[in-house]
>>> print(open('target.txt').read())   # compact mmCIF, C-alpha atoms
# COMPACT_ATOMS: atom_id res chain seq x y z
CA MET A 708 0.00 0.00 0.00
CA GLY A 709 2.08 2.86 -1.21
CA ALA A 710 1.26 6.49 -0.58
CA ARG A 711 2.19 9.81 -2.12
CA TRP A 712 2.75 12.24 0.70
CA PRO A 713 1.15 15.71 0.44
CA GLY A 714 3.67 18.32 -0.60
CA ALA A 715 6.42 15.79 -1.23
CA ARG A 716 8.70 16.36 -4.19
CA PRO A 717 10.25 13.36 -6.00
CA ALA A 718 13.99 13.16 -5.43
CA ALA A 719 16.83 11.07 -6.77
CA GLY A 720 16.74 8.80 -3.73
CA LYS A 721 14.51 8.20 -0.77
CA ASN A 722 16.70 10.13 1.69
CA ASP A 723 18.54 12.37 -0.79
CA VAL A 724 18.84 16.07 -0.08
CA ALA A 725 18.82 18.55 -2.94
CA ILE A 726 21.79 20.96 -2.79
CA ASP A 727 22.18 24.00 -5.03
CA VAL A 728 25.73 23.87 -6.40
CA PRO A 729 27.77 26.85 -7.68
CA SER A 730 29.15 26.43 -11.20
CA LYS A 731 32.59 25.26 -10.08
CA ASP A 732 34.13 22.07 -8.75
CA VAL A 733 33.35 21.51 -5.07
CA THR A 734 34.71 18.69 -2.94
CA VAL A 735 33.15 17.98 0.44
CA ALA A 736 35.85 16.23 2.43
CA SER A 737 34.16 15.60 5.75
CA ARG A 738 30.81 14.89 7.35
CA ALA A 739 30.85 18.26 9.09
CA ALA A 740 31.52 20.14 5.86
CA ALA A 741 28.85 18.17 4.06
CA GLY A 742 26.38 18.91 6.81
CA ALA A 743 27.13 22.62 6.65
CA ALA A 744 26.75 22.63 2.87
CA ALA A 745 23.48 20.74 3.07
CA THR A 746 22.09 23.11 5.68
CA LYS A 747 23.09 26.17 3.67
CA HIS A 748 22.06 25.02 0.22
CA ALA A 749 19.21 22.53 0.83
CA SER A 750 16.21 23.26 -1.34
CA ALA A 751 13.06 24.41 0.43
CA MET A 752 11.27 21.58 -1.36
CA SER A 753 13.55 18.89 0.07
CA PRO A 754 11.66 15.79 1.25
CA ILE A 755 13.61 15.95 4.53
CA PRO A 756 11.87 18.19 7.11
CA LEU A 757 13.30 21.62 7.92
CA ALA A 758 13.90 20.80 11.59
CA ILE A 759 15.77 17.66 10.59
CA ARG A 760 17.65 19.29 7.74
CA GLY A 761 19.97 21.15 10.10
CA SER A 762 21.43 17.84 11.29
CA LEU A 763 22.30 16.54 7.84
CA ASN A 764 25.65 14.86 7.32
CA ALA A 765 26.95 13.17 4.22
CA PRO A 766 27.00 9.38 4.50
CA GLU A 767 30.40 9.14 2.82
CA SER A 768 33.64 10.89 3.67
CA VAL A 769 34.05 12.50 0.23
CA GLN A 770 31.41 13.79 -2.16
CA THR A 771 32.40 15.58 -5.39
CA LEU A 772 30.05 18.05 -7.10
CA ARG A 773 31.12 18.48 -10.73
CA ARG A 774 31.33 21.74 -12.70
CA GLY A 775 28.19 22.77 -14.52
CA ALA A 776 25.83 20.63 -12.47
CA ARG A 777 23.04 22.56 -10.79
CA TRP A 778 21.89 19.87 -8.39
CA HIS A 779 23.71 17.23 -6.45
CA HIS A 780 21.91 14.84 -4.12
CA VAL A 781 23.76 14.06 -0.91
CA ARG A 782 22.68 10.66 0.37
CA MET A 783 22.04 10.55 4.10
CA ARG A 784 21.43 7.45 6.20
CA VAL A 785 18.43 7.79 8.51
CA GLY A 786 17.27 5.63 11.40
CA LEU A 787 13.75 5.53 12.82
CA VAL A 788 13.18 4.30 16.39
CA LEU A 789 9.66 3.60 17.66
CA GLY A 790 9.39 3.04 21.40
CA ALA A 791 7.13 1.16 23.79
CA GLY A 792 3.92 2.43 25.34
CA GLY A 793 1.14 -0.17 25.34
CA VAL A 794 -2.23 0.51 23.71
CA MET A 795 -2.07 4.26 24.26
CA GLY A 796 1.51 4.29 23.02
CA GLY A 797 0.42 2.58 19.80
CA ALA A 798 -2.23 5.25 19.24
CA TRP A 799 0.32 7.98 20.00
CA LEU A 800 2.80 6.49 17.53
CA THR A 801 0.13 6.22 14.83
CA GLY A 802 -0.63 9.91 15.16
CA GLY A 803 3.06 10.81 15.47
CA LEU A 804 4.02 8.96 12.28
CA HIS A 805 1.10 10.52 10.42
CA ALA A 806 2.07 14.00 11.60
CA LEU A 807 5.72 13.40 10.68
CA ALA A 808 4.74 12.34 7.17
CA THR A 809 2.08 14.96 6.43
CA GLU A 810 3.80 17.94 8.03
CA THR A 811 7.25 17.32 6.55
CA GLY A 812 6.64 15.42 3.33
CA TRP A 813 9.15 12.77 4.42
CA ASP A 814 8.05 9.15 4.32
CA PRO A 815 9.20 7.46 7.56
CA ALA A 816 9.05 4.08 5.81
CA THR A 817 12.10 5.10 3.79
CA ALA A 818 14.40 5.12 6.83
CA ASP A 819 17.46 2.90 6.42
CA ARG A 820 16.86 1.33 9.84
CA ILE A 821 13.51 0.88 11.57
CA VAL A 822 13.74 -0.26 15.20
CA GLY A 823 10.56 -1.14 17.06
CA THR A 824 9.95 -2.07 20.68
CA SER A 825 6.61 -3.34 22.05
CA ALA A 826 3.92 -1.02 20.61
CA GLY A 827 6.64 0.43 18.39
CA ALA A 828 7.36 -3.08 17.10
CA MET A 829 3.79 -3.37 15.84
CA MET A 830 3.82 0.08 14.25
CA GLY A 831 7.29 -0.44 12.80
CA ALA A 832 6.35 -3.82 11.31
CA LEU A 833 3.24 -2.36 9.65
CA LEU A 834 5.20 0.62 8.37
CA ALA A 835 8.02 -1.52 6.95
CA SER A 836 5.42 -3.82 5.36
CA GLY A 837 4.07 -0.97 3.26
CA VAL A 838 1.18 0.26 5.41
CA PRO A 839 1.42 4.09 5.34
CA PRO A 840 0.65 6.20 8.42
CA TRP A 841 -2.39 7.85 6.82
CA PHE A 842 -3.95 4.42 6.37
CA MET A 843 -3.22 3.46 9.99
CA VAL A 844 -5.07 6.59 11.13
CA ALA A 845 -7.98 6.06 8.73
CA HIS A 846 -8.34 2.38 9.61
CA SER A 847 -8.23 3.09 13.35
CA ALA A 848 -10.94 5.72 12.86
CA GLY A 849 -13.24 3.13 11.26
CA GLU A 850 -12.91 4.07 7.60
CA THR A 851 -13.38 1.34 5.00
CA PHE A 852 -11.86 1.03 1.54
CA GLU A 853 -13.89 -1.08 -0.84
CA GLY A 854 -11.85 -3.60 -2.80
CA LEU A 855 -8.85 -3.39 -0.48
CA GLN A 856 -7.69 -6.78 0.79
CA ASP A 857 -4.96 -7.99 3.08
CA ALA A 858 -2.17 -10.42 2.16
CA GLY A 859 -4.53 -13.35 2.72
CA GLY A 860 -7.30 -11.97 0.52
CA ARG A 861 -9.53 -10.89 3.42
CA PRO A 862 -11.38 -7.56 3.08
CA GLN A 863 -9.93 -4.60 4.92
CA ARG A 864 -13.29 -3.84 6.54
CA GLU A 865 -13.10 -7.13 8.49
CA ALA A 866 -9.72 -6.38 10.06
CA SER A 867 -9.54 -5.46 13.74
CA ARG A 868 -9.29 -1.74 14.43
CA SER A 869 -7.34 -2.32 17.64
CA ALA A 870 -3.93 -3.42 16.22
CA GLY A 871 -4.14 -6.63 18.22
CA ALA A 872 -5.33 -5.10 21.51
CA VAL A 873 -7.89 -7.87 22.06
CA PHE A 874 -7.37 -9.69 25.35
CA ARG A 875 -8.34 -13.29 25.96
CA ILE A 876 -6.95 -16.11 28.09
CA ASP A 877 -4.41 -18.42 26.46
CA ARG A 878 -5.93 -21.83 27.22
CA GLY A 879 -2.64 -23.60 26.57
CA THR A 880 -0.52 -21.78 29.12
CA ARG A 881 0.42 -23.13 32.53
CA LEU A 882 -0.92 -21.72 35.77
CA PRO A 883 0.77 -18.49 36.91
CA ILE A 884 2.28 -19.81 40.13
CA GLY A 885 5.51 -18.28 41.39
CA PRO A 886 7.88 -16.13 39.33
CA GLY A 887 7.36 -16.27 35.59
CA SER A 888 11.08 -16.84 35.04
CA TRP A 889 12.84 -18.53 37.95
CA ARG A 890 16.29 -18.21 36.37
CA LEU A 891 15.88 -14.51 35.69
CA ALA A 892 14.49 -13.95 39.18
CA LEU A 893 17.36 -15.81 40.86
CA SER A 894 19.88 -14.04 38.64
CA SER A 895 18.50 -10.73 39.85
CA LEU A 896 19.23 -11.80 43.43
CA SER A 897 22.79 -12.90 42.78
CA ASN A 898 23.77 -9.94 40.62
CA PRO A 899 21.06 -7.25 40.57
CA THR A 900 23.29 -4.60 38.97
CA ARG A 901 23.38 -6.61 35.73
CA HIS A 902 19.71 -5.88 35.06
CA THR A 903 17.49 -2.86 34.62
CA PRO A 904 14.74 -2.31 37.23
CA SER A 905 12.11 -3.43 34.72
CA THR A 906 14.03 -6.67 34.09
CA LEU A 907 14.26 -7.34 37.83
CA VAL A 908 10.49 -6.93 38.18
CA GLY A 909 9.76 -8.85 34.99
CA GLY A 910 11.48 -11.98 36.22
CA TRP A 911 9.57 -12.05 39.52
CA LEU A 912 6.11 -11.35 38.07
CA PRO A 913 3.88 -14.42 37.59
CA ARG A 914 3.76 -15.85 34.10
CA GLY A 915 1.30 -14.01 31.85
CA VAL A 916 -1.87 -15.74 30.70
CA ILE A 917 -3.19 -13.46 27.94
CA SER A 918 -2.84 -14.82 24.41
CA THR A 919 -0.67 -13.03 21.82
CA GLU A 920 -2.68 -14.49 18.92
CA PRO A 921 -4.60 -11.23 18.23
CA LEU A 922 -1.23 -9.46 17.91
CA LYS A 923 0.01 -12.15 15.54
CA ASP A 924 -3.12 -11.98 13.43
CA THR A 925 -2.63 -8.25 12.88
CA VAL A 926 0.86 -8.85 11.50
CA ARG A 927 -0.25 -11.88 9.44
CA ARG A 928 -2.62 -9.64 7.52
CA VAL A 929 0.37 -7.89 5.94
CA VAL A 930 3.17 -10.49 6.24
CA PRO A 931 1.69 -14.00 6.55
CA GLU A 932 5.07 -15.67 7.04
CA GLY A 933 8.79 -14.98 7.02
CA TRP A 934 10.26 -11.51 7.43
CA VAL A 935 9.34 -8.21 5.86
CA ASP A 936 10.92 -7.68 2.43
CA ARG A 937 12.38 -4.36 3.47
CA PRO A 938 15.89 -4.80 4.95
CA GLY A 939 16.98 -3.01 8.11
CA THR A 940 13.81 -3.72 10.11
CA TRP A 941 14.66 -4.75 13.67
CA ILE A 942 12.19 -5.88 16.30
CA VAL A 943 13.48 -5.81 19.90
CA ALA A 944 12.52 -8.41 22.52
CA CYS A 945 14.13 -9.84 25.68
CA ASP A 946 15.15 -13.40 26.45
CA TYR A 947 12.89 -14.47 29.32
CA THR A 948 15.61 -16.62 30.89
CA THR A 949 18.58 -14.24 30.81
CA GLY A 950 17.01 -10.81 30.28
CA ARG A 951 19.33 -10.34 27.31
CA ARG A 952 18.11 -7.99 24.58
CA VAL A 953 17.70 -9.42 21.07
CA ALA A 954 17.05 -7.37 17.93
CA PHE A 955 15.26 -9.80 15.61
CA GLY A 956 15.97 -9.10 11.96
CA ARG A 957 19.60 -8.28 12.68
CA GLU A 958 22.28 -10.66 11.45
CA ASP A 959 23.33 -11.78 14.93
CA ALA A 960 19.78 -12.60 16.06
CA PRO A 961 18.15 -16.05 16.01
CA PRO A 962 16.02 -16.70 12.92
CA ALA A 963 12.43 -15.63 13.47
CA GLY A 964 9.28 -14.80 11.57
CA LEU A 965 7.98 -11.24 11.79
CA VAL A 966 4.73 -12.49 13.34
CA ASP A 967 6.49 -14.14 16.29
CA ALA A 968 9.04 -11.36 16.72
CA VAL A 969 6.37 -8.66 17.03
CA ALA A 970 4.31 -10.78 19.41
CA ALA A 971 7.40 -11.40 21.56
CA SER A 972 8.29 -7.70 21.61
CA CYS A 973 4.75 -6.89 22.80
CA ALA A 974 4.54 -9.70 25.40
CA ILE A 975 4.48 -7.70 28.64
CA PRO A 976 5.73 -9.95 31.49
CA GLY A 977 2.99 -10.91 33.91
CA PHE A 978 0.29 -10.16 31.35
CA PHE A 979 0.93 -11.85 27.98
CA THR A 980 2.23 -15.38 27.60
CA PRO A 981 5.89 -15.49 26.50
CA VAL A 982 6.56 -16.28 22.84
CA LYS A 983 8.82 -19.18 21.95
CA ILE A 984 11.33 -18.55 19.13
CA ALA A 985 14.06 -21.02 18.18
CA GLY A 986 13.49 -22.98 21.39
CA ARG A 987 13.70 -20.01 23.78
CA GLU A 988 11.03 -17.80 25.34
CA TYR A 989 10.96 -14.06 24.72
CA VAL A 990 9.02 -11.18 26.25
CA ASP A 991 8.56 -7.43 25.85
CA GLY A 992 11.64 -5.56 24.61
CA GLY A 993 10.58 -2.66 26.82
CA MET A 994 11.79 -4.72 29.78
CA ARG A 995 15.32 -3.67 28.78
CA SER A 996 14.54 -0.17 27.52
CA THR A 997 11.41 1.58 26.30
CA SER A 998 13.32 2.98 23.33
CA ASN A 999 16.39 0.77 22.66
CA LEU A 1000 17.84 3.65 20.69
CA ASP A 1001 21.38 2.45 21.37
CA VAL A 1002 21.07 -0.61 19.10
CA LEU A 1003 21.84 1.83 16.27
CA ARG A 1004 25.10 3.01 17.84
CA ASP A 1005 27.45 1.41 15.29
CA GLU A 1006 25.25 1.65 12.20
CA GLY A 1007 26.92 4.71 10.70
CA LEU A 1008 23.68 6.70 10.52
CA ASP A 1009 23.67 10.43 9.92
CA LEU A 1010 20.35 11.05 11.64
CA VAL A 1011 18.10 9.10 14.00
CA VAL A 1012 14.46 10.08 14.55
CA CYS A 1013 13.00 8.61 17.74
CA LEU A 1014 9.33 8.60 18.75
CA ASN A 1015 9.12 7.38 22.35
CA PRO A 1016 5.62 7.58 23.89
CA THR A 1017 6.72 6.89 27.47
CA SER A 1018 9.20 9.74 27.89
CA SER A 1019 8.37 13.39 28.38
CA LEU A 1020 10.28 16.62 28.84
CA HIS A 1021 7.23 18.24 30.44
CA PRO A 1022 5.48 15.81 32.82
CA PRO A 1023 2.12 16.96 34.21
CA HIS A 1024 2.05 18.42 37.70
CA ALA A 1025 -0.82 16.30 39.01
CA TRP A 1026 -1.77 15.38 42.55
CA ASN A 1027 -3.41 12.14 41.43
CA PRO A 1028 -1.20 9.30 42.77
CA VAL A 1029 -1.54 7.33 39.54
CA GLU A 1030 -0.46 10.32 37.48
CA ARG A 1031 2.46 10.96 39.80
CA VAL A 1032 3.67 7.37 39.42
CA ALA A 1033 3.26 7.68 35.66
CA ALA A 1034 5.32 10.89 35.73
CA VAL A 1035 8.13 9.10 37.58
CA VAL A 1036 8.11 6.36 34.92
CA ARG A 1037 8.17 8.92 32.11
CA ASN A 1038 11.04 10.79 33.73
CA ALA A 1039 13.06 7.58 34.08
CA SER A 1040 12.29 6.64 30.49
CA GLY A 1041 13.34 10.09 29.34
CA ARG A 1042 16.63 9.92 31.23
CA ARG A 1043 17.43 6.55 29.70
CA LEU A 1044 16.53 7.82 26.24
CA GLY A 1045 18.82 10.80 26.73
CA SER A 1046 21.64 8.52 27.84
CA GLU A 1047 21.18 6.29 24.80
CA ALA A 1048 21.08 9.29 22.48
CA ARG A 1049 24.32 10.69 23.86
CA GLY A 1050 25.98 7.35 23.17
CA LEU A 1051 25.21 7.39 19.45
>>> encode(input="target.txt", output="structure tokens")
Amino acid sequence: MGARWPGARPAAGKNDVAIDVPSKDVTVASRAAAGAAATKHASAMSPIPLAIRGSLNAPESVQTLRRGARWHHVRMRVGLVLGAGGVMGGAWLTGGLHALATETGWDPATADRIVGTSAGAMMGALLASGVPPWFMVAHSAGETFEGLQDAGGRPQREASRSAGAVFRIDRGTRLPIGPGSWRLALSSLSNPTRHTPSTLVGGWLPRGVISTEPLKDTVRRVVPEGWVDRPGTWIVACDYTTGRRVAFGREDAPPAGLVDAVAASCAIPGFFTPVKIAGREYVDGGMRSTSNLDVLRDEGLDLVVCLNPTSSLHPPHAWNPVERVAAVVRNASGRRLGSEARGL
């Protein structure tokens, strides 16, 4: 399902930036110089948003602009990170992606790397599979498109509007008695500094009993089996035995289908049943970090755009105890996000 974004101008490449070149030979010999040239000369009709344009850097150390050429397109490598946030986070990400696309003319699906965690895994998988943000918004709002079918031939109007947020008991799971992961729980006692607070809690929580099948069915509608055709799509989950983070879709990760990887990334400990992949059980990637921005540290990207629903620079000043707890969580998430961003 492709989309032509309002106000977007076709360019030589999906993340190219149009630069007005003087009629003489110009050699850009560094990322910094390329970034300065891009900022100064970028066309107002560039598909990269104005706020983002100031951070442009050339993806290669040397770019030569030949005499007589009016335009040269500097290729930049962009990463897109979509964080965790549950059902509300999924709705927030849907609106955020739609706003990013419509207000800037840049298609977030063209990012060189798409990293999704929990709710962001679902949104990232749909985006990388060719579902544009405007359709996500329209479908969530109840709109129907006659003649539109999913990958299995089922009409779009029959698809769930909840992106898998349908909760029912998994009849095949064992009773939630004791910690959901004894090894992770005991590991947290012997060496608690190895794990994040969420990982410590996740190991001790009882095993979840809610089925992940509705989540899987949402992904099956666009990618029935295997992985998404678009390279560079990473879905983050955590090993339920060790707490170790795994970015499915990356070369060093165990082989997995997109359906299982997204379900695992969304499997909140203590709520959803863990998802078994290659003989091991996996749970929500947000147990390690709500953003997992740092998995892109060594990817040589020039720009990373992160949408993280659970962090906030301006938490509400509420007296409601629930809101105050939520504010503490958002502050912690924001501090971790900032730390990960500084490490890029």
>>> closest_residue(input="target.txt", among="A:Asp819, A:Asn1027, A:Ser996, A:Gly854", to="Thr903 in chain A", atoms="all atoms listed in the file")
A:Ser996
>>> closest_residue(input="target.txt", among="A:Ser918, A:Thr925, A:Ser972, A:Ser894", to="Glu865 in chain A", atoms="all atoms listed in the file")
A:Thr925
>>> closest_residue(input="target.txt", among="A:Val935, A:Leu1000, A:Ala845, A:Ala1048", to="His805 in chain A", atoms="all atoms listed in the file")
A:Ala845
>>> residues_near_point(input="target.txt", point="(3.8, -8.8, 28.3)", cutoff="9 Å", atoms="all atoms listed in the file", output="mmCIF file with C-alpha atoms, in the frame of the given file")
data_model
loop_
_atom_site.group_PDB
_atom_site.id
_atom_site.type_symbol
_atom_site.label_atom_id
_atom_site.label_comp_id
_atom_site.auth_asym_id
_atom_site.auth_seq_id
_atom_site.Cartn_x
_atom_site.Cartn_y
_atom_site.Cartn_z
ATOM 1 C CA SER A 825 6.610 -3.340 22.050
ATOM 2 C CA GLY A 909 9.760 -8.850 34.990
ATOM 3 C CA GLY A 915 1.300 -14.010 31.850
ATOM 4 C CA ILE A 917 -3.190 -13.460 27.940
ATOM 5 C CA THR A 919 -0.670 -13.030 21.820
ATOM 6 C CA ALA A 971 7.400 -11.400 21.560
ATOM 7 C CA SER A 972 8.290 -7.700 21.610
ATOM 8 C CA CYS A 973 4.750 -6.890 22.800
ATOM 9 C CA ALA A 974 4.540 -9.700 25.400
ATOM 10 C CA ILE A 975 4.480 -7.700 28.640
ATOM 11 C CA PRO A 976 5.730 -9.950 31.490
ATOM 12 C CA GLY A 977 2.990 -10.910 33.910
ATOM 13 C CA PHE A 978 0.290 -10.160 31.350
ATOM 14 C CA PHE A 979 0.930 -11.850 27.980
ATOM 15 C CA THR A 980 2.230 -15.380 27.600
ATOM 16 C CA PRO A 981 5.890 -15.490 26.500
ATOM 17 C CA VAL A 990 9.020 -11.180 26.250
ATOM 18 C CA ASP A 991 8.560 -7.430 25.850
#
>>> closest_residue(input="target.txt", among="A:Ala818, A:Ala832, A:Ala944, A:Val916", to="Thr880 in chain A", atoms="all atoms listed in the file")
A:Val916
>>> residues_around(input="target.txt", residues="Arg928 in chain A", least_positions_apart="6", cutoff="12 Å", atoms="only C-alpha atoms", output="PyMOL selection string")
chain A and resi 832-833+836-838+855-863+865-867+870-871+921-922+965-966
>>> atom_distance(input="target.txt", atom1="CA of Gly1045 in chain A", atom2="CA of Gly910 in chain A")
25.7 Å
>>> residues_around(input="target.txt", residues="Arg1004 in chain A", least_positions_apart="3", cutoff="10 Å", atoms="only C-alpha atoms", output="ChimeraX atom specification")
/A:1000-1001,1007-1008,1047-1051
>>> decode(input="target.txt", residues="range 934-948 of chain A", atoms="N, CA, C and O atoms", output="PDB file, in the first residue's frame")
ATOM      1  N   TRP A 934       9.911 -12.860   6.988  1.00  0.00           N
ATOM      2  CA  TRP A 934      10.257 -11.507   7.431  1.00  0.00           C
ATOM      3  C   TRP A 934       9.809 -10.505   6.389  1.00  0.00           C
ATOM      4  O   TRP A 934       9.545 -10.850   5.238  1.00  0.00           O
ATOM      5  N   VAL A 935       9.705  -9.270   6.792  1.00  0.00           N
ATOM      6  CA  VAL A 935       9.336  -8.211   5.865  1.00  0.00           C
ATOM      7  C   VAL A 935      10.400  -8.088   4.776  1.00  0.00           C
ATOM      8  O   VAL A 935      11.602  -8.293   5.023  1.00  0.00           O
ATOM      9  N   ASP A 936       9.980  -7.776   3.550  1.00  0.00           N
ATOM     10  CA  ASP A 936      10.923  -7.684   2.431  1.00  0.00           C
ATOM     11  C   ASP A 936      11.917  -6.552   2.604  1.00  0.00           C
ATOM     12  O   ASP A 936      13.040  -6.616   2.089  1.00  0.00           O
ATOM     13  N   ARG A 937      11.514  -5.529   3.325  1.00  0.00           N
ATOM     14  CA  ARG A 937      12.380  -4.361   3.475  1.00  0.00           C
ATOM     15  C   ARG A 937      13.508  -4.653   4.456  1.00  0.00           C
ATOM     16  O   ARG A 937      13.268  -4.991   5.614  1.00  0.00           O
ATOM     17  N   PRO A 938      14.775  -4.542   4.039  1.00  0.00           N
ATOM     18  CA  PRO A 938      15.895  -4.802   4.955  1.00  0.00           C
ATOM     19  C   PRO A 938      16.030  -3.701   6.002  1.00  0.00           C
ATOM     20  O   PRO A 938      15.520  -2.594   5.835  1.00  0.00           O
ATOM     21  N   GLY A 939      16.731  -4.013   7.082  1.00  0.00           N
ATOM     22  CA  GLY A 939      16.976  -3.010   8.109  1.00  0.00           C
ATOM     23  C   GLY A 939      15.832  -2.829   9.083  1.00  0.00           C
ATOM     24  O   GLY A 939      15.782  -1.810   9.784  1.00  0.00           O
ATOM     25  N   THR A 940      14.914  -3.788   9.154  1.00  0.00           N
ATOM     26  CA  THR A 940      13.811  -3.724  10.108  1.00  0.00           C
ATOM     27  C   THR A 940      14.134  -4.611  11.300  1.00  0.00           C
ATOM     28  O   THR A 940      14.266  -5.830  11.153  1.00  0.00           O
ATOM     29  N   TRP A 941      14.265  -4.015  12.462  1.00  0.00           N
ATOM     30  CA  TRP A 941      14.664  -4.747  13.673  1.00  0.00           C
ATOM     31  C   TRP A 941      13.564  -4.652  14.719  1.00  0.00           C
ATOM     32  O   TRP A 941      13.065  -3.567  15.013  1.00  0.00           O
ATOM     33  N   ILE A 942      13.216  -5.795  15.271  1.00  0.00           N
ATOM     34  CA  ILE A 942      12.192  -5.882  16.305  1.00  0.00           C
ATOM     35  C   ILE A 942      12.860  -6.350  17.596  1.00  0.00           C
ATOM     36  O   ILE A 942      13.467  -7.421  17.631  1.00  0.00           O
ATOM     37  N   VAL A 943      12.733  -5.556  18.662  1.00  0.00           N
ATOM     38  CA  VAL A 943      13.480  -5.808  19.897  1.00  0.00           C
ATOM     39  C   VAL A 943      12.617  -6.547  20.920  1.00  0.00           C
ATOM     40  O   VAL A 943      11.496  -6.125  21.231  1.00  0.00           O
ATOM     41  N   ALA A 944      13.154  -7.644  21.447  1.00  0.00           N
ATOM     42  CA  ALA A 944      12.518  -8.407  22.519  1.00  0.00           C
ATOM     43  C   ALA A 944      13.594  -8.802  23.527  1.00  0.00           C
ATOM     44  O   ALA A 944      14.784  -8.558  23.299  1.00  0.00           O
ATOM     45  N   CYS A 945      13.179  -9.417  24.638  1.00  0.00           N
ATOM     46  CA  CYS A 945      14.129  -9.844  25.677  1.00  0.00           C
ATOM     47  C   CYS A 945      13.994 -11.336  25.933  1.00  0.00           C
ATOM     48  O   CYS A 945      12.880 -11.866  26.004  1.00  0.00           O
ATOM     49  N   ASP A 946      15.133 -11.987  26.084  1.00  0.00           N
ATOM     50  CA  ASP A 946      15.154 -13.399  26.452  1.00  0.00           C
ATOM     51  C   ASP A 946      14.588 -13.527  27.874  1.00  0.00           C
ATOM     52  O   ASP A 946      15.088 -12.888  28.802  1.00  0.00           O
ATOM     53  N   TYR A 947      13.579 -14.377  28.036  1.00  0.00           N
ATOM     54  CA  TYR A 947      12.890 -14.471  29.316  1.00  0.00           C
ATOM     55  C   TYR A 947      13.716 -15.206  30.369  1.00  0.00           C
ATOM     56  O   TYR A 947      13.422 -15.131  31.557  1.00  0.00           O
ATOM     57  N   THR A 948      14.766 -15.900  29.947  1.00  0.00           N
ATOM     58  CA  THR A 948      15.613 -16.618  30.888  1.00  0.00           C
ATOM     59  C   THR A 948      16.782 -15.768  31.374  1.00  0.00           C
ATOM     60  O   THR A 948      17.130 -15.778  32.553  1.00  0.00           O
TER      61      THR A 948
END
